[in-house]
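Colleague: The file below is query_23.pdb, PDB, C-alpha atoms:
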```
ATOM      1  CA  GLN A   1      -9.564  92.490 131.659  1.00  0.00           C
ATOM      2  CA  VAL A   2      -7.051  90.197 133.286  1.00  0.00           C
ATOM      3  CA  GLN A   3      -3.458  91.356 133.586  1.00  0.00           C
ATOM      4  CA  LEU A   4      -0.869  88.913 132.262  1.00  0.00           C
ATOM      5  CA  VAL A   5       2.855  88.982 132.986  1.00  0.00           C
ATOM      6  CA  GLU A   6       5.228  86.714 131.051  1.00  0.00           C
ATOM      7  CA  SER A   7       8.691  85.661 132.110  1.00  0.00           C
ATOM      8  CA  GLY A   8      11.312  83.089 131.237  1.00  0.00           C
ATOM      9  CA  GLY A   9      12.523  84.205 127.839  1.00  0.00           C
ATOM     10  CA  GLY A  10      16.167  84.479 126.928  1.00  0.00           C
ATOM     11  CA  LEU A  11      18.975  83.206 124.776  1.00  0.00           C
ATOM     12  CA  VAL A  12      19.377  79.456 124.370  1.00  0.00           C
ATOM     13  CA  GLN A  13      21.408  77.231 122.073  1.00  0.00           C
ATOM     14  CA  PRO A  14      19.738  74.995 119.499  1.00  0.00           C
ATOM     15  CA  GLY A  15      18.543  71.814 121.147  1.00  0.00           C
ATOM     16  CA  GLY A  16      18.157  73.543 124.486  1.00  0.00           C
ATOM     17  CA  SER A  17      15.122  74.172 126.664  1.00  0.00           C
ATOM     18  CA  LEU A  18      13.287  77.091 128.211  1.00  0.00           C
ATOM     19  CA  ARG A  19      10.177  77.383 130.319  1.00  0.00           C
ATOM     20  CA  LEU A  20       7.968  80.412 129.904  1.00  0.00           C
ATOM     21  CA  SER A  21       5.576  81.499 132.627  1.00  0.00           C
ATOM     22  CA  CYS A  22       2.433  83.618 132.400  1.00  0.00           C
ATOM     23  CA  GLU A  23       1.032  84.844 135.683  1.00  0.00           C
ATOM     24  CA  ALA A  24      -2.544  86.106 135.645  1.00  0.00           C
ATOM     25  CA  SER A  25      -4.031  88.712 137.959  1.00  0.00           C
ATOM     26  CA  ARG A  26      -7.058  86.522 138.653  1.00  0.00           C
ATOM     27  CA  SER A  27      -8.038  82.868 138.656  1.00  0.00           C
ATOM     28  CA  ILE A  28      -7.102  81.135 135.440  1.00  0.00           C
ATOM     29  CA  PHE A  29     -10.506  79.416 135.560  1.00  0.00           C
ATOM     30  CA  SER A  30     -12.149  82.786 134.900  1.00  0.00           C
ATOM     31  CA  ASN A  31     -10.937  82.307 131.328  1.00  0.00           C
ATOM     32  CA  ASP A  32     -12.304  80.011 128.641  1.00  0.00           C
ATOM     33  CA  ALA A  33      -8.776  79.396 127.453  1.00  0.00           C
ATOM     34  CA  MET A  34      -5.239  80.631 127.869  1.00  0.00           C
ATOM     35  CA  GLY A  35      -2.239  80.104 125.721  1.00  0.00           C
ATOM     36  CA  TRP A  36       0.720  81.398 123.818  1.00  0.00           C
ATOM     37  CA  TYR A  37       1.243  83.074 120.491  1.00  0.00           C
ATOM     38  CA  ARG A  38       4.572  83.992 118.978  1.00  0.00           C
ATOM     39  CA  GLN A  39       5.713  86.518 116.440  1.00  0.00           C
ATOM     40  CA  ALA A  40       8.993  86.176 114.600  1.00  0.00           C
ATOM     41  CA  PRO A  41      10.616  89.140 112.835  1.00  0.00           C
ATOM     42  CA  GLY A  42       8.768  89.923 109.624  1.00  0.00           C
ATOM     43  CA  LYS A  43       6.093  87.321 110.266  1.00  0.00           C
ATOM     44  CA  GLU A  44       2.532  87.323 111.505  1.00  0.00           C
ATOM     45  CA  ARG A  45       1.638  86.338 115.048  1.00  0.00           C
ATOM     46  CA  GLU A  46       0.813  82.631 115.232  1.00  0.00           C
ATOM     47  CA  LEU A  47      -0.816  80.436 117.826  1.00  0.00           C
ATOM     48  CA  VAL A  48       1.681  78.120 119.510  1.00  0.00           C
ATOM     49  CA  ALA A  49      -0.337  76.373 122.191  1.00  0.00           C
ATOM     50  CA  ARG A  50      -3.525  76.743 124.182  1.00  0.00           C
ATOM     51  CA  ILE A  51      -5.197  75.116 127.146  1.00  0.00           C
ATOM     52  CA  THR A  52      -8.922  75.329 127.732  1.00  0.00           C
ATOM     53  CA  ASN A  53     -10.723  75.763 131.010  1.00  0.00           C
ATOM     54  CA  GLY A  54     -11.420  72.034 130.901  1.00  0.00           C
ATOM     55  CA  GLY A  55      -7.761  71.189 130.387  1.00  0.00           C
ATOM     56  CA  ARG A  56      -7.792  70.329 126.690  1.00  0.00           C
ATOM     57  CA  THR A  57      -4.600  71.325 124.903  1.00  0.00           C
ATOM     58  CA  ASN A  58      -3.823  72.200 121.301  1.00  0.00           C
ATOM     59  CA  TYR A  59      -0.493  72.829 119.609  1.00  0.00           C
ATOM     60  CA  ALA A  60       0.773  74.219 116.352  1.00  0.00           C
ATOM     61  CA  ASP A  61       2.110  71.471 114.086  1.00  0.00           C
ATOM     62  CA  SER A  62       5.542  73.092 114.199  1.00  0.00           C
ATOM     63  CA  VAL A  63       5.880  72.610 117.974  1.00  0.00           C
ATOM     64  CA  GLU A  64       3.897  69.396 118.524  1.00  0.00           C
ATOM     65  CA  GLY A  65       6.007  66.959 120.534  1.00  0.00           C
ATOM     66  CA  ARG A  66       8.531  69.617 121.569  1.00  0.00           C
ATOM     67  CA  PHE A  67       6.449  72.121 123.541  1.00  0.00           C
ATOM     68  CA  THR A  68       4.128  71.421 126.467  1.00  0.00           C
ATOM     69  CA  ILE A  69       1.572  73.802 127.924  1.00  0.00           C
ATOM     70  CA  SER A  70       0.484  73.354 131.532  1.00  0.00           C
ATOM     71  CA  ARG A  71      -1.024  75.316 134.367  1.00  0.00           C
ATOM     72  CA  ASP A  72      -0.886  75.768 138.131  1.00  0.00           C
ATOM     73  CA  SER A  73      -4.223  77.062 139.351  1.00  0.00           C
ATOM     74  CA  ALA A  74      -2.874  77.810 142.836  1.00  0.00           C
ATOM     75  CA  LYS A  75      -0.408  80.237 141.279  1.00  0.00           C
ATOM     76  CA  ASN A  76      -2.746  81.519 138.559  1.00  0.00           C
ATOM     77  CA  THR A  77       0.024  80.660 136.139  1.00  0.00           C
ATOM     78  CA  VAL A  78       0.259  78.983 132.759  1.00  0.00           C
ATOM     79  CA  TYR A  79       3.559  77.557 131.564  1.00  0.00           C
ATOM     80  CA  LEU A  80       5.073  76.714 128.214  1.00  0.00           C
ATOM     81  CA  GLN A  81       7.859  74.154 128.422  1.00  0.00           C
ATOM     82  CA  MET A  82       9.929  74.357 125.252  1.00  0.00           C
ATOM     83  CA  ASP A  83      12.354  71.542 124.469  1.00  0.00           C
ATOM     84  CA  SER A  84      14.533  70.760 121.448  1.00  0.00           C
ATOM     85  CA  LEU A  85      14.491  74.395 120.487  1.00  0.00           C
ATOM     86  CA  LYS A  86      15.366  75.379 116.950  1.00  0.00           C
ATOM     87  CA  PRO A  87      16.578  78.691 115.494  1.00  0.00           C
ATOM     88  CA  GLU A  88      13.206  79.055 113.790  1.00  0.00           C
ATOM     89  CA  ASP A  89      11.581  79.187 117.235  1.00  0.00           C
ATOM     90  CA  THR A  90      13.160  82.613 117.735  1.00  0.00           C
ATOM     91  CA  ALA A  91      10.312  85.040 118.384  1.00  0.00           C
ATOM     92  CA  VAL A  92       8.532  87.201 120.904  1.00  0.00           C
ATOM     93  CA  PHE A  93       6.140  84.956 122.800  1.00  0.00           C
ATOM     94  CA  TYR A  94       2.863  86.452 124.012  1.00  0.00           C
ATOM     95  CA  CYS A  95       0.532  85.008 126.607  1.00  0.00           C
ATOM     96  CA  TYR A  96      -3.194  85.498 126.097  1.00  0.00           C
ATOM     97  CA  ALA A  97      -6.415  84.815 127.955  1.00  0.00           C
ATOM     98  CA  ASP A  98     -10.003  84.699 126.700  1.00  0.00           C
ATOM     99  CA  GLY A  99     -12.254  85.982 129.451  1.00  0.00           C
ATOM    100  CA  ARG A 100     -15.057  83.607 130.317  1.00  0.00           C
ATOM    101  CA  TYR A 101     -17.560  86.249 131.402  1.00  0.00           C
ATOM    102  CA  ASP A 102     -16.651  89.351 129.409  1.00  0.00           C
ATOM    103  CA  GLY A 103     -15.509  87.628 126.220  1.00  0.00           C
ATOM    104  CA  MET A 104     -12.459  89.856 126.076  1.00  0.00           C
ATOM    105  CA  ARG A 105      -9.034  88.687 124.954  1.00  0.00           C
ATOM    106  CA  SER A 106      -6.182  89.975 127.098  1.00  0.00           C
ATOM    107  CA  TRP A 107      -2.524  89.980 126.122  1.00  0.00           C
ATOM    108  CA  GLY A 108       0.743  90.100 127.968  1.00  0.00           C
ATOM    109  CA  LYS A 109       3.567  92.340 126.815  1.00  0.00           C
ATOM    110  CA  GLY A 110       5.640  89.468 125.495  1.00  0.00           C
ATOM    111  CA  THR A 111       8.927  87.797 126.271  1.00  0.00           C
ATOM    112  CA  LEU A 112      11.741  87.352 123.762  1.00  0.00           C
ATOM    113  CA  VAL A 113      13.163  83.927 122.975  1.00  0.00           C
ATOM    114  CA  ILE A 114      16.322  83.710 120.899  1.00  0.00           C
ATOM    115  CA  VAL A 115      17.618  80.341 119.766  1.00  0.00           C
ATOM    116  CA  SER A 116      21.143  80.716 118.475  1.00  0.00           C
ATOM    117  CA  SER A 117      24.592  79.245 118.798  1.00  0.00           C
TER     118      SER A 117
END
```
Please lay out the structure from this file as structure tokens.

Modeller:
Amino acid sequence: QVQLVESGGGLVQPGGSLRLSCEASRSIFSNDAMGWYRQAPGKERELVARITNGGRTNYADSVEGRFTISRDSAKNTVYLQMDSLKPEDTAVFYCYADGRYDGMRSWGKGTLVIVSS
């Protein structure tokens, strides 16, 4: 399985921005897709955004137009740019990768995002 390390979480005021990073231990093109889930206190983990090997992106309705997922293949890194953050975006954000050859889903350990004034 690929190793994933997230970074970039923190405390931000409502309306602010953060960029999360997810660095993979191998080429991001060895995965069918990579993306981000989040889990807020007392809630189930939900898909936030994903990017396929071919570059197609999908977003949860709640973040469409505010969040942008991208990648840098040279750095084996996927990013999540989060703008116009709201208190309800507060959650632990987890990076994931679906292995192209082994079919295994790998997870990072998560990074905490707190949106509060």

Colleague: Expand the PyMOL selection byres ((chain A and resi 75) around 10) into the individual residues it matches in the shown file, reporting them as a list in words.

Modeller: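 That expression, the PyMOL selection byres ((chain A and resi 75) around 10), corresponds here to Cys22, Glu23, Ala24, Ser25, Arg26, Ser27, Ile28, Arg71, Asp72, Ser73, Ala74, Asn76, Thr77 and Val78 of chain A.
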
Colleague: Extract, using all atoms listed in the file, all DNA, RNA and protein residues at most 7 Å from stretch 41-49 of chain A, discarding same-chain residues fewer than 6 positions from it, and format them as a list in words.

Modeller: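 After dropping sequence-adjacent residues, the list is Gly35, Asn58, Tyr59, Ala60, Ile69 and Ala91 of chain A.
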
Colleague: Output the residue selection produced by the PyMOL selection byres ((chain A and resi 1-17) around 8) on the file above, formatted as a PyMOL selection string.

Modeller: chain A and resi 18-26+81-87+94-97+99+104-117

Colleague: Take every atom of stretch 42-57 of chain A listed in the file, pad by 6 Å on each side, and give me the axis-aligned box centre and edge lengths in Å, one decimal, as lines of an AutoDock Vina configuration file.

Modeller:
```
center_x = -1.3
center_y = 80.1
center_z = 120.3
size_x = 32.2
size_y = 31.6
size_z = 33.4
```

Colleague: For this file, the PyMOL selection byres ((chain A and resi 31) around 7) selects which residues, as a list of chain:residue names?

Modeller: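 Selected by the PyMOL selection byres ((chain A and resi 31) around 7) in this file: A:Ile28, A:Phe29, A:Ser30, A:Asp32, A:Ala33, A:Met34, A:Asn53, A:Ala97, A:Asp98, A:Gly99, A:Arg100.
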
Colleague: Reconstruct N, CA and C atoms of stretch 39-70 of chain A; output as an mmCIF file, in the coordinates of the input.

Modeller:
```
data_model
loop_
_atom_site.group_PDB
_atom_site.id
_atom_site.type_symbol
_atom_site.label_atom_id
_atom_site.label_comp_id
_atom_site.auth_asym_id
_atom_site.auth_seq_id
_atom_site.Cartn_x
_atom_site.Cartn_y
_atom_site.Cartn_z
ATOM 1 N N GLN A 39 5.535 85.718 117.637
ATOM 2 C CA GLN A 39 5.713 86.518 116.440
ATOM 3 C C GLN A 39 7.202 86.661 116.152
ATOM 4 N N ALA A 40 7.617 86.082 115.039
ATOM 5 C CA ALA A 40 8.993 86.176 114.600
ATOM 6 C C ALA A 40 9.161 87.439 113.754
ATOM 7 N N PRO A 41 10.387 87.936 113.639
ATOM 8 C CA PRO A 41 10.616 89.140 112.835
ATOM 9 C C PRO A 41 10.095 88.982 111.414
ATOM 10 N N GLY A 42 9.281 89.942 110.982
ATOM 11 C CA GLY A 42 8.768 89.923 109.624
ATOM 12 C C GLY A 42 7.646 88.948 109.374
ATOM 13 N N LYS A 43 7.163 88.305 110.432
ATOM 14 C CA LYS A 43 6.093 87.321 110.266
ATOM 15 C C LYS A 43 4.881 87.698 111.090
ATOM 16 N N GLU A 44 3.753 87.081 110.751
ATOM 17 C CA GLU A 44 2.532 87.323 111.505
ATOM 18 C C GLU A 44 2.557 86.546 112.826
ATOM 19 N N ARG A 45 1.766 87.045 113.778
ATOM 20 C CA ARG A 45 1.638 86.338 115.048
ATOM 21 C C ARG A 45 0.917 85.020 114.815
ATOM 22 N N GLU A 46 1.426 83.948 115.404
ATOM 23 C CA GLU A 46 0.813 82.631 115.232
ATOM 24 C C GLU A 46 0.573 81.970 116.572
ATOM 25 N N LEU A 47 -0.502 81.183 116.616
ATOM 26 C CA LEU A 47 -0.816 80.436 117.826
ATOM 27 C C LEU A 47 0.184 79.297 117.993
ATOM 28 N N VAL A 48 0.723 79.182 119.194
ATOM 29 C CA VAL A 48 1.681 78.120 119.510
ATOM 30 C C VAL A 48 1.007 77.001 120.289
ATOM 31 N N ALA A 49 0.300 77.372 121.343
ATOM 32 C CA ALA A 49 -0.337 76.373 122.191
ATOM 33 C C ALA A 49 -1.440 77.031 122.998
ATOM 34 N N ARG A 50 -2.446 76.239 123.343
ATOM 35 C CA ARG A 50 -3.525 76.743 124.182
ATOM 36 C C ARG A 50 -4.010 75.642 125.100
ATOM 37 N N ILE A 51 -4.584 76.047 126.212
ATOM 38 C CA ILE A 51 -5.197 75.116 127.146
ATOM 39 C C ILE A 51 -6.544 75.689 127.539
ATOM 40 N N THR A 52 -7.577 74.872 127.425
ATOM 41 C CA THR A 52 -8.922 75.329 127.732
ATOM 42 C C THR A 52 -9.200 75.239 129.218
ATOM 43 N N ASN A 53 -10.307 75.820 129.613
ATOM 44 C CA ASN A 53 -10.723 75.763 131.010
ATOM 45 C C ASN A 53 -10.835 74.314 131.474
ATOM 46 N N GLY A 54 -11.264 73.449 130.577
ATOM 47 C CA GLY A 54 -11.420 72.034 130.901
ATOM 48 C C GLY A 54 -10.137 71.236 130.825
ATOM 49 N N GLY A 55 -9.046 71.880 130.413
ATOM 50 C CA GLY A 55 -7.761 71.189 130.387
ATOM 51 C C GLY A 55 -7.351 70.624 129.043
ATOM 52 N N ARG A 56 -8.163 70.831 128.014
ATOM 53 C CA ARG A 56 -7.792 70.329 126.690
ATOM 54 C C ARG A 56 -6.698 71.214 126.104
ATOM 55 N N THR A 57 -5.728 70.582 125.475
ATOM 56 C CA THR A 57 -4.600 71.325 124.903
ATOM 57 C C THR A 57 -4.555 71.185 123.391
ATOM 58 N N ASN A 58 -4.038 72.204 122.743
ATOM 59 C CA ASN A 58 -3.823 72.200 121.301
ATOM 60 C C ASN A 58 -2.465 72.829 121.015
ATOM 61 N N TYR A 59 -1.818 72.326 119.970
ATOM 62 C CA TYR A 59 -0.493 72.829 119.609
ATOM 63 C C TYR A 59 -0.406 73.079 118.113
ATOM 64 N N ALA A 60 0.439 74.035 117.762
ATOM 65 C CA ALA A 60 0.773 74.219 116.352
ATOM 66 C C ALA A 60 1.563 72.996 115.884
ATOM 67 N N ASP A 61 1.399 72.639 114.624
ATOM 68 C CA ASP A 61 2.110 71.471 114.086
ATOM 69 C C ASP A 61 3.620 71.626 114.263
ATOM 70 N N SER A 62 4.104 72.856 114.162
ATOM 71 C CA SER A 62 5.542 73.092 114.199
ATOM 72 C C SER A 62 6.159 72.858 115.573
ATOM 73 N N VAL A 63 5.340 72.791 116.624
ATOM 74 C CA VAL A 63 5.880 72.610 117.974
ATOM 75 C C VAL A 63 5.377 71.327 118.624
ATOM 76 N N GLU A 64 4.457 70.637 117.975
ATOM 77 C CA GLU A 64 3.897 69.396 118.524
ATOM 78 C C GLU A 64 5.029 68.429 118.867
ATOM 79 N N GLY A 65 4.984 67.903 120.088
ATOM 80 C CA GLY A 65 6.007 66.959 120.534
ATOM 81 C C GLY A 65 7.234 67.606 121.147
ATOM 82 N N ARG A 66 7.372 68.907 120.986
ATOM 83 C CA ARG A 66 8.531 69.617 121.569
ATOM 84 C C ARG A 66 8.113 70.576 122.683
ATOM 85 N N PHE A 67 6.937 71.154 122.556
ATOM 86 C CA PHE A 67 6.449 72.121 123.541
ATOM 87 C C PHE A 67 5.307 71.496 124.336
ATOM 88 N N THR A 68 5.205 71.899 125.602
ATOM 89 C CA THR A 68 4.128 71.421 126.467
ATOM 90 C C THR A 68 3.552 72.591 127.247
ATOM 91 N N ILE A 69 2.250 72.764 127.149
ATOM 92 C CA ILE A 69 1.572 73.802 127.924
ATOM 93 C C ILE A 69 0.955 73.163 129.159
ATOM 94 N N SER A 70 1.049 73.857 130.282
ATOM 95 C CA SER A 70 0.484 73.354 131.532
ATOM 96 C C SER A 70 0.046 74.538 132.372
#
```
